[in-house]
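Visitor: my_file-v9.tsv is reproduced below (TSV, C-alpha atoms).
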```
chain	number	residue	atom	x	y	z
A	103	MET	CA	94.77	25.03	-16.26
A	104	THR	CA	92.59	26.87	-13.74
A	105	SER	CA	89.48	25.01	-14.91
A	106	LEU	CA	91.26	21.67	-14.48
A	107	LEU	CA	92.33	22.56	-10.96
A	108	PHE	CA	88.79	23.67	-10.18
A	109	CYS	CA	87.36	20.34	-11.37
A	110	ARG	CA	89.85	18.38	-9.29
A	111	ARG	CA	88.92	20.36	-6.21
A	112	ARG	CA	85.13	20.42	-6.47
A	113	ALA	CA	84.75	17.31	-4.33
A	114	PHE	CA	86.60	19.02	-1.47
A	115	ALA	CA	85.58	22.66	-1.77
A	116	SER	CA	82.77	24.37	0.12
A	117	PRO	CA	79.42	24.97	-1.67
A	118	LEU	CA	80.69	28.38	-2.84
A	119	PRO	CA	84.16	27.61	-4.29
A	120	ALA	CA	86.71	30.39	-4.13
A	121	ALA	CA	87.65	29.72	-7.75
A	122	SER	CA	84.47	31.52	-8.79
A	123	SER	CA	85.31	34.73	-6.92
A	124	ARG	CA	85.93	38.06	-8.63
A	125	PHE	CA	88.82	38.47	-6.18
A	126	LYS	CA	91.81	36.20	-5.52
A	127	LEU	CA	90.81	34.72	-2.18
A	128	SER	CA	93.38	33.62	0.37
A	129	VAL	CA	93.83	32.80	4.05
A	130	ILE	CA	96.70	33.46	6.44
A	131	THR	CA	97.68	29.88	7.17
A	132	ASP	CA	98.53	30.27	10.86
A	133	GLU	CA	94.98	31.43	11.50
A	134	ILE	CA	94.02	27.78	10.85
A	135	THR	CA	96.93	25.95	12.47
A	136	GLN	CA	100.72	25.98	12.85
A	137	ASP	CA	100.73	22.56	11.12
A	138	PHE	CA	101.56	23.96	7.70
A	139	GLY	CA	100.65	20.89	5.67
A	140	HIS	CA	97.27	20.60	7.38
A	141	ALA	CA	96.60	24.32	6.92
A	142	LEU	CA	97.26	24.04	3.19
A	143	GLU	CA	95.07	20.97	2.89
A	144	ILE	CA	92.16	22.88	4.42
A	145	ALA	CA	92.87	26.01	2.36
A	146	SER	CA	93.01	24.07	-0.89
A	147	ARG	CA	90.64	21.14	-0.55
A	148	GLU	CA	88.05	22.50	1.87
A	149	PHE	CA	88.07	26.26	1.25
A	150	GLY	CA	88.77	25.85	-2.47
A	151	LEU	CA	91.56	28.45	-2.51
A	152	PHE	CA	94.40	28.97	-4.94
A	153	HIS	CA	96.34	31.43	-2.74
A	154	VAL	CA	97.66	31.59	0.82
A	155	GLU	CA	99.42	34.24	2.88
A	156	LEU	CA	102.38	33.22	5.05
A	157	ARG	CA	103.24	34.65	8.47
A	158	THR	CA	104.18	31.86	10.90
A	159	LEU	CA	104.36	28.11	10.45
A	160	TRP	CA	105.66	25.33	12.63
A	161	ASN	CA	105.78	27.99	15.38
A	162	LYS	CA	108.40	29.99	13.49
A	163	ASN	CA	108.10	33.31	11.72
A	164	ILE	CA	108.30	32.94	7.94
A	165	ILE	CA	111.47	35.06	7.79
A	166	ASN	CA	113.20	32.79	10.33
A	167	LEU	CA	112.97	29.59	8.28
A	168	ASP	CA	116.23	27.98	7.22
A	169	GLU	CA	116.97	26.73	3.71
A	170	LYS	CA	115.70	23.22	4.38
A	171	GLU	CA	112.45	24.49	5.89
A	172	THR	CA	111.91	26.89	3.00
A	173	ALA	CA	112.33	23.99	0.57
A	174	GLU	CA	109.70	22.08	2.55
A	175	VAL	CA	107.35	25.06	2.24
A	176	ARG	CA	107.84	24.99	-1.55
A	177	ARG	CA	107.09	21.27	-1.61
A	178	PHE	CA	103.82	21.72	0.28
A	179	LEU	CA	102.77	24.65	-1.91
A	180	GLN	CA	103.38	22.57	-5.04
A	181	LYS	CA	101.51	19.59	-3.58
A	182	TYR	CA	98.39	21.66	-2.94
A	183	GLU	CA	98.84	23.86	-6.04
A	184	LEU	CA	98.85	27.11	-4.07
A	185	GLN	CA	100.52	30.46	-4.72
A	186	VAL	CA	101.72	32.92	-2.09
A	187	THR	CA	99.98	36.31	-2.03
A	188	ASP	CA	102.71	38.01	0.02
A	189	ILE	CA	105.20	37.49	2.82
A	190	ALA	CA	103.43	38.76	5.97
A	191	SER	CA	106.67	39.96	7.50
A	192	PRO	CA	107.05	41.98	10.74
A	193	LEU	CA	108.95	44.74	8.91
A	194	PHE	CA	108.75	48.02	10.90
A	195	LYS	CA	106.51	46.55	13.58
A	196	THR	CA	108.88	47.99	16.11
A	197	ASP	CA	109.39	51.13	18.20
A	198	TRP	CA	110.74	54.17	16.35
A	199	ALA	CA	114.29	54.88	17.46
A	200	GLY	CA	114.54	57.93	19.68
A	201	ALA	CA	110.81	58.16	20.37
A	202	PRO	CA	109.13	57.29	23.68
A	203	LYS	CA	108.39	53.59	23.99
A	204	SER	CA	104.90	52.94	22.66
A	205	LYS	CA	102.27	51.56	25.03
A	206	TYR	CA	101.49	49.08	22.24
A	207	SER	CA	105.03	47.73	22.13
A	208	PRO	CA	104.62	44.12	23.31
A	209	GLU	CA	106.57	42.65	26.20
A	210	LYS	CA	106.86	39.34	24.35
A	211	PRO	CA	107.55	38.69	20.65
A	212	GLN	CA	104.52	38.65	18.35
A	213	PHE	CA	104.13	35.94	15.74
A	214	GLY	CA	107.57	34.54	16.42
A	215	ALA	CA	109.38	37.80	15.64
A	216	ASP	CA	111.54	39.84	18.01
A	217	TYR	CA	113.55	42.38	16.03
A	218	THR	CA	114.72	45.79	17.20
A	219	PHE	CA	114.73	48.97	15.14
A	220	ALA	CA	118.43	48.41	14.44
A	221	GLN	CA	117.65	44.96	13.00
A	222	GLN	CA	115.05	46.10	10.47
A	223	GLY	CA	117.61	45.89	7.66
A	224	GLU	CA	118.00	42.21	8.50
A	225	VAL	CA	114.21	41.77	8.58
A	226	LEU	CA	113.99	43.29	5.10
A	227	GLU	CA	116.83	41.16	3.74
A	228	ARG	CA	115.31	37.97	5.14
A	229	SER	CA	111.87	38.92	3.79
A	230	ILE	CA	113.23	39.49	0.29
A	231	GLY	CA	115.10	36.19	0.42
A	232	VAL	CA	112.10	34.09	1.38
A	233	ALA	CA	109.84	35.98	-1.05
A	234	LYS	CA	112.12	35.17	-3.96
A	235	ALA	CA	112.46	31.57	-2.81
A	236	LEU	CA	108.67	31.19	-2.83
A	237	GLY	CA	108.01	32.98	-6.12
A	238	CYS	CA	106.48	36.06	-4.51
A	239	ASN	CA	107.27	39.75	-5.00
A	240	ARG	CA	105.27	41.41	-2.20
A	241	ILE	CA	106.26	42.03	1.43
A	242	ARG	CA	103.93	43.31	4.14
A	243	CYS	CA	105.19	46.11	6.41
A	244	PHE	CA	103.96	48.45	9.15
A	245	ASP	CA	104.33	52.05	10.31
A	246	PHE	CA	106.00	51.49	13.73
A	247	TRP	CA	104.28	51.07	17.09
A	248	ARG	CA	101.76	53.81	17.71
A	249	LEU	CA	102.88	56.97	19.51
A	250	GLU	CA	100.71	59.29	21.55
A	251	ASP	CA	102.14	62.15	19.48
A	252	PRO	CA	103.86	60.99	16.27
A	253	GLN	CA	104.29	64.49	14.83
A	254	PRO	CA	107.87	65.14	16.06
A	255	PHE	CA	108.94	61.91	14.29
A	256	ARG	CA	106.50	61.80	11.39
A	257	ALA	CA	108.76	63.29	8.73
A	258	ALA	CA	111.58	60.88	9.61
A	259	MET	CA	109.25	57.88	9.63
A	260	ASP	CA	107.90	58.85	6.21
A	261	GLU	CA	111.45	59.20	4.89
A	262	LYS	CA	112.29	55.71	6.19
A	263	LEU	CA	109.31	54.26	4.34
A	264	ARG	CA	110.26	56.14	1.16
A	265	ASP	CA	113.89	55.02	1.40
A	266	THR	CA	112.85	51.39	1.88
A	267	ALA	CA	110.48	51.47	-1.09
A	268	ARG	CA	113.29	52.89	-3.23
A	269	ALA	CA	115.75	50.28	-1.94
A	270	VAL	CA	113.58	47.29	-2.88
A	271	ALA	CA	112.45	48.62	-6.26
A	272	PRO	CA	115.43	47.20	-8.21
A	273	SER	CA	114.48	43.76	-6.88
A	274	LYS	CA	110.95	44.31	-8.27
A	275	ILE	CA	109.56	44.02	-4.73
A	276	SER	CA	106.43	45.87	-3.62
A	277	LEU	CA	105.78	46.82	-0.01
A	278	LEU	CA	102.27	46.39	1.38
A	279	LEU	CA	101.68	48.77	4.27
A	280	GLU	CA	99.10	47.30	6.63
A	281	ASN	CA	96.92	49.74	8.56
A	282	GLU	CA	97.41	48.17	12.01
A	283	PHE	CA	95.37	49.46	14.95
A	284	ALA	CA	98.46	49.45	17.22
A	285	CYS	CA	100.69	51.29	14.73
A	286	ASN	CA	100.87	54.89	13.54
A	287	THR	CA	98.93	54.10	10.38
A	288	ALA	CA	95.78	52.47	11.74
A	289	THR	CA	92.77	53.89	9.89
A	290	GLY	CA	91.71	54.67	6.36
A	291	ALA	CA	92.30	58.36	7.01
A	292	GLU	CA	95.81	57.72	8.33
A	293	ALA	CA	96.54	55.33	5.46
A	294	ALA	CA	95.57	58.00	2.93
A	295	ARG	CA	98.01	60.41	4.60
A	296	THR	CA	100.87	57.89	4.60
A	297	LEU	CA	100.29	56.90	0.98
A	298	GLN	CA	100.42	60.56	-0.01
A	299	ALA	CA	103.67	60.99	1.92
A	300	VAL	CA	105.18	57.88	0.28
A	301	PRO	CA	104.18	58.15	-3.40
A	302	SER	CA	106.40	55.29	-4.62
A	303	THR	CA	104.55	53.08	-7.11
A	304	ASN	CA	105.81	49.96	-5.31
A	305	PHE	CA	104.43	51.16	-1.96
A	306	LEU	CA	100.83	49.95	-1.69
A	307	LEU	CA	98.22	49.48	1.00
A	308	ASN	CA	97.22	46.25	2.68
A	309	TRP	CA	93.72	47.54	3.53
A	310	ASP	CA	92.38	46.04	6.77
A	311	PRO	CA	88.86	47.25	7.63
A	312	GLY	CA	88.95	45.23	10.86
A	313	ASN	CA	91.98	47.12	12.17
A	314	ALA	CA	90.43	50.46	11.18
A	315	ALA	CA	87.22	49.58	13.01
A	316	TYR	CA	89.18	48.42	16.06
A	317	ARG	CA	90.76	51.88	16.17
A	318	GLY	CA	87.25	53.42	16.18
A	319	GLU	CA	86.87	54.42	12.54
A	320	LYS	CA	83.81	53.43	10.52
A	321	ALA	CA	85.90	51.42	8.12
A	322	PHE	CA	83.28	51.33	5.40
A	323	PRO	CA	82.27	53.61	3.94
A	324	ASP	CA	84.12	56.37	5.84
A	325	GLY	CA	87.67	54.99	5.93
A	326	PHE	CA	87.50	53.38	2.51
A	327	GLU	CA	86.23	56.55	0.83
A	328	LYS	CA	89.42	58.37	1.80
A	329	LEU	CA	91.73	55.82	0.16
A	330	PRO	CA	93.29	56.17	-3.29
A	331	LYS	CA	91.78	52.98	-4.73
A	332	GLU	CA	94.61	52.43	-7.20
A	333	ARG	CA	97.03	52.09	-4.27
A	334	ILE	CA	95.22	49.13	-2.68
A	335	GLY	CA	97.48	46.14	-3.24
A	336	HIS	CA	96.01	43.57	-0.86
A	337	MET	CA	93.31	43.23	1.76
A	338	HIS	CA	92.79	41.51	5.11
A	339	CYS	CA	89.31	40.43	6.15
A	340	LYS	CA	88.30	40.08	9.80
A	341	ASP	CA	85.22	41.35	11.57
A	342	VAL	CA	84.81	43.36	14.78
A	343	MET	CA	82.14	43.69	17.48
A	344	ARG	CA	81.71	46.68	19.77
A	345	LYS	CA	81.08	45.73	23.39
A	346	ALA	CA	78.79	47.52	25.84
A	347	ASP	CA	81.74	49.34	27.40
A	348	GLY	CA	82.77	50.77	24.02
A	349	SER	CA	85.78	48.51	23.54
A	350	TYR	CA	86.14	46.10	20.64
A	351	GLU	CA	86.62	42.38	20.14
A	352	TRP	CA	87.06	40.22	17.06
A	353	ALA	CA	84.10	38.52	15.42
A	354	ALA	CA	83.51	35.95	12.70
A	355	MET	CA	83.08	37.44	9.26
A	356	GLY	CA	79.49	38.62	8.90
A	357	ARG	CA	78.78	38.74	12.63
A	358	GLY	CA	80.35	42.12	13.38
A	359	ILE	CA	79.78	45.79	12.69
A	360	ILE	CA	81.61	46.13	9.36
A	361	ASP	CA	79.52	46.32	6.19
A	362	TYR	CA	81.69	43.86	4.26
A	363	ALA	CA	79.07	43.25	1.57
A	364	GLY	CA	79.10	46.98	0.87
A	365	GLN	CA	82.89	46.98	1.01
A	366	PHE	CA	83.14	44.18	-1.54
A	367	ARG	CA	80.66	45.90	-3.85
A	368	ALA	CA	82.68	49.12	-3.62
A	369	LEU	CA	85.88	47.24	-4.48
A	370	LEU	CA	84.23	45.75	-7.55
A	371	LYS	CA	83.04	49.20	-8.61
A	372	ALA	CA	86.58	50.53	-8.17
A	373	GLY	CA	87.89	47.78	-10.45
A	374	TYR	CA	89.78	45.86	-7.76
A	375	SER	CA	90.35	42.21	-8.65
A	376	GLY	CA	93.42	41.49	-6.51
A	377	THR	CA	94.16	39.36	-3.49
A	378	MET	CA	92.38	39.31	-0.13
A	379	SER	CA	93.10	37.07	2.84
A	380	LEU	CA	90.91	35.88	5.67
A	381	GLU	CA	92.72	36.84	8.89
A	382	THR	CA	90.31	35.15	11.30
A	383	HIS	CA	91.56	36.41	14.72
A	384	TRP	CA	88.18	35.41	16.21
A	385	ARG	CA	88.37	32.24	18.31
A	386	GLY	CA	84.73	31.90	19.33
A	387	ALA	CA	84.25	28.48	17.77
A	388	GLY	CA	86.62	26.86	20.27
A	389	SER	CA	89.62	26.27	18.02
A	390	ALA	CA	91.53	28.24	15.41
A	391	GLU	CA	90.62	25.71	12.74
A	392	GLU	CA	86.87	25.69	13.39
A	393	SER	CA	86.80	29.46	13.90
A	394	SER	CA	88.50	29.95	10.54
A	395	ARG	CA	86.12	27.47	8.93
A	396	GLN	CA	83.09	29.42	10.15
A	397	SER	CA	84.66	32.78	9.28
A	398	MET	CA	85.52	31.63	5.75
A	399	ALA	CA	81.92	30.49	5.30
A	400	GLY	CA	80.77	33.93	6.45
A	401	MET	CA	83.22	35.64	4.12
A	402	LYS	CA	81.96	33.65	1.13
A	403	GLU	CA	78.37	34.46	1.99
A	404	LEU	CA	79.23	38.17	2.11
A	405	LEU	CA	81.00	37.90	-1.24
A	406	ARG	CA	77.97	36.17	-2.70
A	407	ALA	CA	75.69	38.93	-1.37
A	408	ALA	CA	77.97	41.51	-3.03
A	409	GLY	CA	77.90	39.72	-6.38
A	410	ALA	CA	81.59	38.89	-6.06
A	411	LEU	CA	81.24	35.10	-5.82
```
Can you dump the structure from the file as structure tokens?

Guide:
Amino acid sequence: MTSLLFCRRRAFASPLPAASSRFKLSVITDEITQDFGHALEIASREFGLFHVELRTLWNKNIINLDEKETAEVRRFLQKYELQVTDIASPLFKTDWAGAPKSKYSPEKPQFGADYTFAQQGEVLERSIGVAKALGCNRIRCFDFWRLEDPQPFRAAMDEKLRDTARAVAPSKISLLLENEFACNTATGAEAARTLQAVPSTNFLLNWDPGNAAYRGEKAFPDGFEKLPKERIGHMHCKDVMRKADGSYEWAAMGRGIIDYAGQFRALLKAGYSGTMSLETHWRGAGSAEESSRQSMAGMKELLRAAGAL
């Protein structure tokens, strides 16, 4: 079946089709456009992908779609023969109750989501519902907005993560903790600590070298070396540049400071063959679509250099 799909797509795919990758390549669709059908057309016919990651579409967060909209998502996925890697939910991307308000806590909703700490149960329920509706069993989560001193709250936050992993296990759902530069787990070192504190087998890491680098860590090899490789469940790919003043900005894949070719080689050596999504973020090409197009080309070139494509 895969070979047939590959043949049908060769006329549309880039010169290095994703079907030949050692990893399951994906893209977060809203990094291309909020026009979901158009995003899938590009992902499938131009990028040559078989997987996509869903966060927002039609200017709505994935967990806020109604039944009719969810059915439309299914129809588009079937049309372009794409599977969903995970639901990129905003679970626990919120301030920890009782702690000082984080300086990273946004004034306006991010990615169409505006849920308080008290509403995280609803976020989880909605995430499970849409995951099951779309034939997916993985939900992305975070480790709460970053605190200047998380230690007084660390044990309670770890317990919340453990409790949530236990709660979703009967539904055969896995949580993918993203190391997010604005949250308490931001780097490879911090991710290793959190994974040790939450040993549940259905609690995995969404490894994001870009976020680790944005926090100031040398994501590869330093951050990656600290990670338990068997706990990596998914990966986000975006590159980072360091400016003259020491701050960071996003870059197209292959144009930043992260050694992604080395990272991909290390993943192959570790036996990883799972999913990884382009999360462009960079907008230097003038539009989200063109920026994602150039970044996907850079990502494929890095994969080729690593022997993974």

Visitor: Interatomic distance between atom CA of Phe246 of chain A and atom CA of His338 of chain A?

Guide: 18.7 Å

Visitor: Can you check which parts of segment 224-298 of chain A lie within 8 Å of segment 322-333 of chain A? Per residue, the shortest pair of atoms and distance in Å to one decimal, counting only C-alpha atoms, sorted by chain and number, as JSON lines.

Guide:
```
{"residue": "A:Thr289", "atom": "CA", "partner": "A:Gly325", "partner_atom": "CA", "distance": 6.5}
{"residue": "A:Gly290", "atom": "CA", "partner": "A:Gly325", "partner_atom": "CA", "distance": 4.1}
{"residue": "A:Ala291", "atom": "CA", "partner": "A:Gly325", "partner_atom": "CA", "distance": 5.8}
{"residue": "A:Ala293", "atom": "CA", "partner": "A:Leu329", "partner_atom": "CA", "distance": 7.2}
{"residue": "A:Ala294", "atom": "CA", "partner": "A:Leu329", "partner_atom": "CA", "distance": 5.2}
{"residue": "A:Leu297", "atom": "CA", "partner": "A:Arg333", "partner_atom": "CA", "distance": 7.8}
```

Visitor: Find the distance between atom CA of Asp137 of chain A and atom CA of Leu307 of chain A and write it in Å to one decimal.

Guide: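 Pair atom CA of Asp137 of chain A / atom CA of Leu307 of chain A returns 28.9 Å.
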
Visitor: Nearest residue to Arg124 of chain A out of A:Lys170, A:Lys203, A:Arg317, A:Arg367, using all atoms listed in the file?

Guide: A:Arg367

Visitor: Which of these, A:Ala271, A:Ala353, A:Leu380, A:Ile241, has the shortest distance to Val154 of chain A once you count all atoms listed in the file?

Guide: A:Leu380

Visitor: Looking at A:Arg177, A:Arg240, A:His383, A:Arg406, which one is nearest to Phe138 of chain A, with distances taken over only C-alpha atoms?

Guide: A:Arg177

Visitor: Taking only residues of segment 318-355 of chain A that have an atom at most 12 Å from an atom of segment 184-188 of chain A, what is each one's shortest atom pair and its distance in Å to one decimal, using only C-alpha atoms, in chain and number order, as a Markdown table?

Guide:
```
| residue | atom | partner | partner_atom | distance |
| --- | --- | --- | --- | --- |
| A:Gly335 | CA | A:Asp188 | CA | 10.2 |
| A:His336 | CA | A:Thr187 | CA | 8.4 |
| A:Met337 | CA | A:Thr187 | CA | 10.3 |
| A:His338 | CA | A:Thr187 | CA | 11.4 |
```

Visitor: Mind listing as an MDAnalysis selection string all residues within 12 Å of (108.2, 24.6, 2.0), counting only C-alpha atoms?

Guide: chainID A and resid 137:139 142 156 159:160 164 167:182 184:186 232:233 235:237

Visitor: State, in Å with one decimal place, the distance from atom CA of Asp245 of chain A to atom CA of Ala368 of chain A.

Guide: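 Straight-line distance from atom CA of Asp245 of chain A to atom CA of Ala368 of chain A works out to 25.9 Å.
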